[in-house]
$ cat model_11.cif   # mmCIF, C-alpha atoms
data_query
loop_
_atom_site.label_atom_id
_atom_site.label_comp_id
_atom_site.auth_asym_id
_atom_site.auth_seq_id
_atom_site.Cartn_x
_atom_site.Cartn_y
_atom_site.Cartn_z
CA MET X 1 7.44 95.34 79.20
CA ALA X 2 5.74 93.71 82.15
CA ALA X 3 5.21 95.80 85.25
CA PRO X 4 7.47 94.96 88.17
CA ARG X 5 6.00 92.38 90.51
CA THR X 6 8.07 93.05 93.60
CA PRO X 7 6.34 95.22 96.19
CA SER X 8 7.61 98.54 97.36
CA ARG X 9 8.28 98.94 101.09
CA SER X 10 7.63 102.67 101.15
CA GLY X 11 3.86 102.70 101.70
CA ALA X 12 2.81 105.60 103.90
CA LYS X 13 -0.28 103.96 105.41
CA PRO X 14 -0.45 100.77 107.47
CA THR X 15 0.24 98.78 104.32
CA LYS X 16 3.54 97.72 102.83
CA ILE X 17 2.26 96.86 99.38
CA PRO X 18 1.95 99.33 96.50
CA ARG X 19 -1.35 101.09 95.86
CA VAL X 20 -2.29 101.13 92.19
CA SER X 21 -4.97 103.22 90.47
CA TRP X 22 -7.93 101.29 89.11
CA ARG X 23 -7.45 103.22 85.88
CA GLU X 24 -3.92 101.90 85.44
CA PRO X 25 -3.99 98.35 86.77
CA HIS X 26 -1.18 95.90 86.23
CA PRO X 27 -0.53 92.32 87.33
CA ALA X 28 1.20 91.05 90.44
CA PRO X 29 1.24 87.60 92.04
CA ILE X 30 -1.68 88.76 94.22
CA VAL X 31 -3.96 91.68 93.32
CA LEU X 32 -6.35 92.89 96.02
CA VAL X 33 -9.23 94.88 94.52
CA SER X 34 -10.87 96.49 97.54
CA GLY X 35 -13.77 98.84 98.15
CA PRO X 36 -17.47 99.04 97.28
CA GLU X 37 -17.43 100.81 93.89
CA GLU X 38 -18.21 98.03 91.42
CA VAL X 39 -17.74 100.13 88.28
CA CYS X 40 -14.13 100.84 89.23
CA ALA X 41 -13.53 97.30 90.44
CA GLU X 42 -14.77 95.79 87.19
CA ARG X 43 -12.51 98.12 85.20
CA ALA X 44 -9.52 97.17 87.36
CA ILE X 45 -10.13 93.44 87.04
CA ALA X 46 -10.70 93.67 83.30
CA GLY X 47 -7.55 95.80 82.98
CA VAL X 48 -5.40 93.17 84.69
CA ARG X 49 -6.88 90.49 82.42
CA ASP X 50 -6.23 92.55 79.28
CA TYR X 51 -2.68 93.30 80.41
CA LEU X 52 -1.93 89.60 80.87
CA ARG X 53 -3.67 88.59 77.66
CA ALA X 54 -1.64 91.15 75.71
CA GLU X 55 1.51 89.52 77.09
CA ASP X 56 0.29 86.02 76.20
CA PRO X 57 -2.99 85.28 74.37
CA ALA X 58 -2.89 81.74 75.80
CA LEU X 59 -3.82 83.12 79.24
CA GLU X 60 -6.01 80.70 81.22
CA VAL X 61 -8.75 82.54 83.13
CA SER X 62 -10.64 80.92 86.01
CA ASP X 63 -13.31 82.22 88.38
CA VAL X 64 -13.71 81.16 92.00
CA ARG X 65 -16.29 82.12 94.63
CA ALA X 66 -14.70 82.53 98.02
CA ASP X 67 -18.03 81.98 99.78
CA ASP X 68 -18.62 78.64 98.05
CA TYR X 69 -15.08 77.37 98.00
CA ALA X 70 -14.03 73.77 97.38
CA PRO X 71 -10.79 72.94 99.23
CA GLY X 72 -7.79 72.59 96.94
CA THR X 73 -9.25 74.76 94.16
CA LEU X 74 -6.80 77.66 94.49
CA LEU X 75 -3.69 75.50 94.28
CA SER X 76 -5.16 73.45 91.46
CA LEU X 77 -5.97 76.49 89.30
CA THR X 78 -2.66 78.27 89.92
CA SER X 79 -0.39 75.26 89.41
CA PRO X 80 1.59 75.24 86.12
CA SER X 81 -0.11 73.44 83.26
CA LEU X 82 1.52 71.02 80.85
CA PHE X 83 2.39 73.79 78.38
CA GLY X 84 3.13 76.46 80.98
CA GLU X 85 0.44 78.97 80.01
CA PRO X 86 0.02 81.95 82.36
CA ARG X 87 -2.95 81.67 84.73
CA LEU X 88 -5.36 84.28 86.04
CA VAL X 89 -7.65 83.33 88.91
CA ARG X 90 -10.40 85.82 89.79
CA VAL X 91 -11.81 85.31 93.27
CA SER X 92 -15.08 87.05 94.08
CA GLY X 93 -16.89 87.42 97.39
CA VAL X 94 -13.81 87.52 99.62
CA GLU X 95 -15.82 89.57 102.12
CA LYS X 96 -17.99 86.42 102.53
CA CYS X 97 -15.21 83.84 102.25
CA SER X 98 -15.33 80.43 103.89
CA ASP X 99 -12.88 79.27 106.54
CA ALA X 100 -11.41 76.83 104.01
CA PHE X 101 -10.65 79.65 101.60
CA ILE X 102 -9.03 81.82 104.28
CA GLN X 103 -6.78 78.96 105.37
CA GLU X 104 -5.64 78.07 101.86
CA ALA X 105 -5.29 81.67 100.66
CA VAL X 106 -3.12 82.62 103.66
CA SER X 107 -0.91 79.60 102.96
CA TYR X 108 -0.78 80.53 99.26
CA LEU X 109 0.66 83.95 100.13
CA ASP X 110 3.79 82.21 101.44
CA ASN X 111 4.36 80.44 98.14
CA PRO X 112 2.65 82.10 95.12
CA GLN X 113 2.86 80.01 91.98
CA GLU X 114 5.14 81.18 89.18
CA GLY X 115 3.18 82.51 86.20
CA ALA X 116 -0.05 82.86 88.15
CA THR X 117 -1.97 86.02 89.05
CA VAL X 118 -4.68 85.83 91.70
CA ILE X 119 -7.20 88.66 91.99
CA LEU X 120 -9.02 88.93 95.31
CA ARG X 121 -12.21 91.01 95.18
CA HIS X 122 -13.23 92.33 98.62
CA THR X 123 -16.00 94.94 98.74
CA GLY X 124 -15.26 95.96 102.33
CA ALA X 125 -18.83 95.10 103.30
CA SER X 126 -17.55 93.08 106.26
CA VAL X 127 -14.35 92.33 108.14
CA ARG X 128 -14.48 88.72 107.00
CA GLY X 129 -11.09 87.65 105.67
CA LYS X 130 -9.21 90.18 107.84
CA LYS X 131 -6.41 87.71 108.55
CA LEU X 132 -5.86 87.27 104.82
CA LEU X 133 -6.02 91.01 104.07
CA ASP X 134 -3.65 91.88 106.91
CA ALA X 135 -1.09 89.34 105.70
CA LEU X 136 -1.37 90.56 102.12
CA ARG X 137 -1.12 94.23 103.08
CA ALA X 138 1.91 93.47 105.25
CA GLY X 139 3.74 92.45 102.11
CA THR X 140 3.36 88.68 102.16
CA GLY X 141 2.98 87.28 98.64
CA GLY X 142 4.34 90.25 96.70
CA GLY X 143 0.95 91.77 96.03
CA ILE X 144 -0.58 95.11 95.14
CA GLU X 145 -3.82 96.77 96.18
CA ILE X 146 -6.26 98.53 93.86
CA ALA X 147 -8.64 100.62 95.97
CA CYS X 148 -12.14 101.33 94.65
CA PRO X 149 -13.76 103.63 97.24
CA ALA X 150 -17.39 104.67 96.93
CA VAL X 151 -18.08 107.62 94.64
CA LYS X 152 -20.72 109.61 96.53
CA ARG X 153 -19.99 113.34 96.42
CA ASP X 154 -20.65 115.53 93.40
CA SER X 155 -16.96 116.42 93.25
CA ASP X 156 -16.08 112.71 93.16
CA ARG X 157 -18.48 112.14 90.26
CA VAL X 158 -17.00 115.09 88.39
CA ASP X 159 -13.51 113.69 88.94
CA PHE X 160 -14.70 110.26 87.77
CA ALA X 161 -16.24 111.60 84.55
CA ALA X 162 -13.27 113.87 83.86
CA GLY X 163 -11.02 110.83 84.26
CA GLU X 164 -13.06 108.91 81.69
CA PHE X 165 -12.43 111.57 79.05
CA ARG X 166 -8.82 112.12 80.09
CA ALA X 167 -8.09 108.40 79.78
CA ALA X 168 -9.56 108.44 76.26
CA LYS X 169 -7.58 111.59 75.38
CA LYS X 170 -10.85 113.33 74.64
CA ARG X 171 -11.48 116.96 75.62
CA ILE X 172 -14.80 118.00 77.19
CA ALA X 173 -15.77 121.55 78.04
CA PRO X 174 -16.20 122.25 81.79
CA ALA X 175 -19.85 123.23 81.29
CA ALA X 176 -20.46 120.06 79.31
CA LEU X 177 -18.87 117.98 82.04
CA ARG X 178 -21.07 119.57 84.70
CA ALA X 179 -24.20 119.04 82.60
CA LEU X 180 -23.34 115.39 82.03
CA VAL X 181 -22.64 114.69 85.71
CA SER X 182 -25.85 116.46 86.69
CA ALA X 183 -27.86 114.30 84.30
CA PHE X 184 -26.56 111.07 85.84
CA ALA X 185 -26.09 112.15 89.45
CA ASP X 186 -27.84 109.10 90.92
CA ASP X 187 -26.13 106.23 89.08
CA LEU X 188 -22.41 105.94 88.48
CA THR X 189 -22.82 103.02 86.12
CA GLU X 190 -25.08 105.05 83.85
CA LEU X 191 -22.70 108.02 84.08
CA ALA X 192 -19.85 105.75 83.00
CA ALA X 193 -21.93 104.42 80.12
CA ALA X 194 -22.84 107.96 79.02
CA CYS X 195 -19.18 109.00 79.06
CA GLN X 196 -18.23 106.01 76.95
CA GLN X 197 -21.06 106.70 74.51
CA LEU X 198 -19.86 110.27 73.96
CA ILE X 199 -16.25 109.10 73.65
CA GLY X 200 -17.24 106.52 71.04
CA ASP X 201 -19.73 108.62 69.08
CA VAL X 202 -18.28 112.13 68.98
CA ASP X 203 -15.34 113.17 66.83
CA GLY X 204 -13.34 116.02 68.30
CA ASP X 205 -14.04 117.97 71.47
CA ILE X 206 -17.28 117.56 73.40
CA SER X 207 -19.22 120.77 73.97
CA GLU X 208 -22.21 121.58 76.14
CA GLU X 209 -24.33 121.64 72.98
CA ILE X 210 -23.35 118.03 72.23
CA VAL X 211 -24.23 116.90 75.76
CA THR X 212 -27.55 118.71 75.47
CA LYS X 213 -28.20 117.06 72.11
CA TYR X 214 -27.53 113.60 73.52
CA TYR X 215 -29.07 113.98 76.95
CA GLY X 216 -30.98 117.25 76.97
CA GLY X 217 -29.63 118.34 80.34
CA ARG X 218 -31.70 115.95 82.46
CA VAL X 219 -33.61 114.39 79.58
CA GLU X 220 -31.70 111.14 79.48
CA VAL X 221 -31.90 110.56 83.20
CA SER X 222 -35.62 111.35 83.06
CA ALA X 223 -35.95 108.83 80.25
CA PHE X 224 -34.32 106.11 82.31
CA VAL X 225 -36.51 106.93 85.31
CA VAL X 226 -39.59 106.52 83.10
CA ALA X 227 -38.22 103.31 81.57
CA ASP X 228 -37.27 101.80 84.93
CA THR X 229 -40.69 102.58 86.40
CA ALA X 230 -42.59 101.17 83.42
CA ILE X 231 -40.45 98.02 83.21
CA ALA X 232 -41.06 97.47 86.94
CA GLY X 233 -44.82 97.42 86.19
CA ARG X 234 -45.71 100.59 88.10
CA TYR X 235 -48.14 101.94 85.52
CA GLY X 236 -49.48 105.01 87.31
CA GLU X 237 -46.02 106.13 88.43
CA ALA X 238 -44.69 105.59 84.91
CA LEU X 239 -47.31 107.86 83.36
CA VAL X 240 -46.64 110.55 85.99
CA ALA X 241 -42.90 110.29 85.35
CA LEU X 242 -43.46 110.48 81.60
CA ARG X 243 -45.58 113.63 81.86
CA HIS X 244 -43.08 115.21 84.23
CA ALA X 245 -40.22 114.46 81.83
CA LEU X 246 -42.14 115.89 78.89
CA SER X 247 -43.08 119.02 80.82
CA SER X 248 -39.37 119.47 81.64
CA GLY X 249 -38.53 119.51 77.94
CA ALA X 250 -37.73 115.87 77.26
CA ASP X 251 -37.50 114.92 73.60
CA PRO X 252 -39.59 111.84 72.67
CA VAL X 253 -36.81 110.39 70.48
CA PRO X 254 -34.21 109.80 73.23
CA MET X 255 -37.07 108.79 75.53
CA VAL X 256 -37.88 105.87 73.24
CA ALA X 257 -34.17 105.15 72.81
CA ALA X 258 -33.81 104.68 76.57
CA PHE X 259 -36.60 102.09 76.57
CA ALA X 260 -35.13 100.34 73.53
CA MET X 261 -31.68 100.09 75.09
CA LYS X 262 -32.97 98.55 78.32
CA LEU X 263 -35.30 96.12 76.55
CA ARG X 264 -32.57 94.97 74.14
CA THR X 265 -30.31 94.23 77.08
CA MET X 266 -33.08 92.31 78.84
CA ALA X 267 -33.72 90.27 75.69
CA ARG X 268 -30.05 89.34 75.37
CA VAL X 269 -29.86 88.18 78.98
CA ALA X 270 -33.29 86.50 79.26
CA GLY X 271 -33.25 82.76 79.86
CA ASN X 272 -29.48 82.49 80.23
CA ARG X 273 -28.21 80.95 83.45
CA GLU X 274 -24.50 81.56 82.93
CA PRO X 275 -22.68 83.39 85.75
CA SER X 276 -22.89 87.14 85.23
CA ARG X 277 -19.18 87.56 84.58
CA GLN X 278 -19.04 84.81 81.94
CA LEU X 279 -22.22 85.96 80.21
CA ALA X 280 -21.06 89.58 80.21
CA GLN X 281 -17.75 88.59 78.66
CA ARG X 282 -19.45 86.52 75.95
CA LEU X 283 -21.96 89.25 75.09
CA GLY X 284 -19.45 92.11 75.27
CA MET X 285 -21.23 93.67 78.23
CA LYS X 286 -20.34 94.67 81.78
CA ASP X 287 -21.17 92.49 84.79
CA TRP X 288 -23.40 95.20 86.25
CA GLN X 289 -25.40 95.40 83.00
CA VAL X 290 -26.16 91.68 83.18
CA ASP X 291 -27.11 91.91 86.86
CA ARG X 292 -29.34 94.93 86.25
CA ALA X 293 -31.06 93.23 83.29
CA ARG X 294 -31.74 90.14 85.40
CA ARG X 295 -33.35 92.30 88.08
CA ASP X 296 -35.43 94.07 85.43
CA LEU X 297 -36.64 90.71 84.05
CA ALA X 298 -38.52 89.85 87.25
CA GLY X 299 -42.14 89.18 86.25
CA TRP X 300 -41.44 89.15 82.52
CA ASN X 301 -41.78 86.26 80.07
CA GLU X 302 -41.01 85.70 76.41
CA ARG X 303 -44.44 86.88 75.28
CA SER X 304 -44.55 90.09 77.30
CA LEU X 305 -40.94 90.97 76.42
CA GLY X 306 -41.62 90.46 72.72
CA MET X 307 -44.73 92.61 72.94
CA ALA X 308 -42.79 95.37 74.71
CA ILE X 309 -40.07 95.34 72.07
CA GLN X 310 -42.68 95.57 69.30
CA ALA X 311 -44.42 98.48 71.07
CA THR X 312 -41.10 100.29 71.40
CA ALA X 313 -40.22 99.75 67.73
CA ARG X 314 -43.63 101.15 66.74
CA ALA X 315 -43.19 104.16 69.02
CA ASP X 316 -39.71 104.78 67.60
CA GLY X 317 -41.12 105.20 64.11
CA GLU X 318 -44.04 107.29 65.28
CA VAL X 319 -41.98 109.81 67.29
CA LYS X 320 -39.69 110.20 64.28
CA GLY X 321 -42.53 111.37 62.05
CA ALA X 322 -44.68 108.35 61.23
CA ALA X 323 -47.54 109.65 63.40
CA ARG X 324 -49.06 113.04 64.11
CA ASP X 325 -49.05 112.74 67.90
CA PRO X 326 -45.72 111.59 69.38
CA ILE X 327 -47.01 112.10 72.93
CA PHE X 328 -49.82 109.62 72.37
CA ALA X 329 -47.27 107.21 70.90
CA LEU X 330 -45.18 107.47 74.06
CA GLU X 331 -48.18 106.96 76.35
CA ARG X 332 -49.26 103.89 74.38
CA MET X 333 -45.73 102.44 74.58
CA VAL X 334 -45.56 103.05 78.35
CA THR X 335 -49.00 101.49 78.80
CA VAL X 336 -48.06 98.30 76.94
CA ILE X 337 -44.76 97.95 78.83
CA ALA X 338 -46.06 98.81 82.29
CA THR X 339 -49.21 96.66 82.05
CA ARG X 340 -47.60 93.95 79.89
CA GLN X 341 -50.83 93.82 77.94
CA PRO X 342 -51.78 94.90 74.40
CA PHE X 343 -52.94 98.50 74.24
CA GLY X 344 -56.60 98.90 75.13
CA GLU X 345 -57.02 95.57 76.92
#

$ encode --input "model_11.cif" --output "structure tokens"
Amino acid sequence: MAAPRTPSRSGAKPTKIPRVSWREPHPAPIVLVSGPEEVCAERAIAGVRDYLRAEDPALEVSDVRADDYAPGTLLSLTSPSLFGEPRLVRVSGVEKCSDAFIQEAVSYLDNPQEGATVILRHTGASVRGKKLLDALRAGTGGGIEIACPAVKRDSDRVDFAAGEFRAAKKRIAPAALRALVSAFADDLTELAAACQQLIGDVDGDISEEIVTKYYGGRVEVSAFVVADTAIAGRYGEALVALRHALSSGADPVPMVAAFAMKLRTMARVAGNREPSRQLAQRLGMKDWQVDRARRDLAGWNERSLGMAIQATARADGEVKGAARDPIFALERMVTVIATRQPFGE
């Protein structure tokens, strides 16, 4: 059954539209996804899309940039088609929207199109679009708001990770949860990915021993620090980070796995000029993964990326028993990746 699309008038704050959790999004004529936390915003937007697509697989999905808006686009994309398929219009960059978009979006609130859902993504980075947001929050257009506030405090990260497992109906021991959050304290996107990996890989409850096996306390985060530094071409820093990780007890196997994961993602994204959202959808990835891979690809080319992937594949075999000295294998891999040259040159 479709969620009700008429707004409640009982909001306690200076808003008359319902507030909906990003974990339990549902459609409305207008959906405001507000706040800076992109991980939560992407989940909310994808959730609305999946909800609508489950109702009707013929859903038409369109993407619009509010900062590069062509007049008439909103009405054109939301107007009923010949066969009456439902429409979803995802509008990004509302915090940078043009005057033309503000004017047309405010007018649209007075007469939302039947069968259309419009998602407005506003990061809160500016007050641009305030007239539109005020009208929407006052109840015009029958909308809802999905707030995605920044996750900064340790307690917020614990709540976020606990929510990931709760949503998947997967139990995780309190000590395991703390260890996992500690390992990924600096990057919510990587924490989310780690939660999903454990949810997908582990049958039954998740214990501290399982988290230690996968991430070694801080091993996985150390591995990503080493990988990020090497991929950025900072050779000396990468070697220092590698030795620090190893002295802290890092296992060479997940260290190589971290490199392999990042390089595979870079290879899938390399050379593709599709918008991040479209490419992510086609590859089965998240928008932030595409954006991160594109940043990582700065200074890389087909030759150097291929060489790095080969060096990582060689190191993977060597740290799993094909060589006597796994530490040397790691240092050689880091050298090839950070210098983007064959070992010894």

$ closest_residue --input "model_11.cif" --among "X:Gly317, X:Gly93, X:Gly284, X:Gly299" --to "X:Ile231" --atoms "all atoms listed in the file"
X:Gly299

$ residues_around --input "model_11.cif" --residues "X:Gln103" --least-positions-apart "3" --cutoff "12 Å" --atoms "all atoms listed in the file" --output "VMD selection string"
chain X and resid 66 69 to 72 74 97 to 100 106 to 110 129 to 132 135

$ resolve_selection --input "model_11.cif" --expression "the PyMOL selection byres ((chain X and resi 332) around 12)" --output "PDB file with C-alpha atoms, in the coordinates of the input"
ATOM      1  CA  ALA X 230     -42.590 101.170  83.420  1.00  0.00           C
ATOM      2  CA  TYR X 235     -48.140 101.940  85.520  1.00  0.00           C
ATOM      3  CA  ALA X 238     -44.690 105.590  84.910  1.00  0.00           C
ATOM      4  CA  LEU X 239     -47.310 107.860  83.360  1.00  0.00           C
ATOM      5  CA  LEU X 242     -43.460 110.480  81.600  1.00  0.00           C
ATOM      6  CA  VAL X 256     -37.880 105.870  73.240  1.00  0.00           C
ATOM      7  CA  ALA X 308     -42.790  95.370  74.710  1.00  0.00           C
ATOM      8  CA  GLN X 310     -42.680  95.570  69.300  1.00  0.00           C
ATOM      9  CA  ALA X 311     -44.420  98.480  71.070  1.00  0.00           C
ATOM     10  CA  THR X 312     -41.100 100.290  71.400  1.00  0.00           C
ATOM     11  CA  ALA X 313     -40.220  99.750  67.730  1.00  0.00           C
ATOM     12  CA  ARG X 314     -43.630 101.150  66.740  1.00  0.00           C
ATOM     13  CA  ALA X 315     -43.190 104.160  69.020  1.00  0.00           C
ATOM     14  CA  ASP X 316     -39.710 104.780  67.600  1.00  0.00           C
ATOM     15  CA  GLU X 318     -44.040 107.290  65.280  1.00  0.00           C
ATOM     16  CA  VAL X 319     -41.980 109.810  67.290  1.00  0.00           C
ATOM     17  CA  ASP X 325     -49.050 112.740  67.900  1.00  0.00           C
ATOM     18  CA  PRO X 326     -45.720 111.590  69.380  1.00  0.00           C
ATOM     19  CA  ILE X 327     -47.010 112.100  72.930  1.00  0.00           C
ATOM     20  CA  PHE X 328     -49.820 109.620  72.370  1.00  0.00           C
ATOM     21  CA  ALA X 329     -47.270 107.210  70.900  1.00  0.00           C
ATOM     22  CA  LEU X 330     -45.180 107.470  74.060  1.00  0.00           C
ATOM     23  CA  GLU X 331     -48.180 106.960  76.350  1.00  0.00           C
ATOM     24  CA  MET X 333     -45.730 102.440  74.580  1.00  0.00           C
ATOM     25  CA  VAL X 334     -45.560 103.050  78.350  1.00  0.00           C
ATOM     26  CA  THR X 335     -49.000 101.490  78.800  1.00  0.00           C
ATOM     27  CA  VAL X 336     -48.060  98.300  76.940  1.00  0.00           C
ATOM     28  CA  ILE X 337     -44.760  97.950  78.830  1.00  0.00           C
ATOM     29  CA  ALA X 338     -46.060  98.810  82.290  1.00  0.00           C
ATOM     30  CA  THR X 339     -49.210  96.660  82.050  1.00  0.00           C
ATOM     31  CA  ARG X 340     -47.600  93.950  79.890  1.00  0.00           C
ATOM     32  CA  GLN X 341     -50.830  93.820  77.940  1.00  0.00           C
ATOM     33  CA  PRO X 342     -51.780  94.900  74.400  1.00  0.00           C
ATOM     34  CA  PHE X 343     -52.940  98.500  74.240  1.00  0.00           C
ATOM     35  CA  GLY X 344     -56.600  98.900  75.130  1.00  0.00           C
ATOM     36  CA  GLU X 345     -57.020  95.570  76.920  1.00  0.00           C
TER      37      GLU X 345
END

$ resolve_selection --input "model_11.cif" --expression "the PyMOL selection byres ((chain X and resi 25-32) around 7)" --output "VMD selection string"
chain X and resid 3 5 20 to 24 33 to 34 44 47 to 48 51 112 116 to 121 141 to 146

$ residues_near_point --input "model_11.cif" --point "(-22.6, 100.4, 83.5)" --cutoff "6 Å" --atoms "all atoms listed in the file" --output "list in words"
Thr189, Glu190, Ala193, Trp288 and Gln289 of chain X
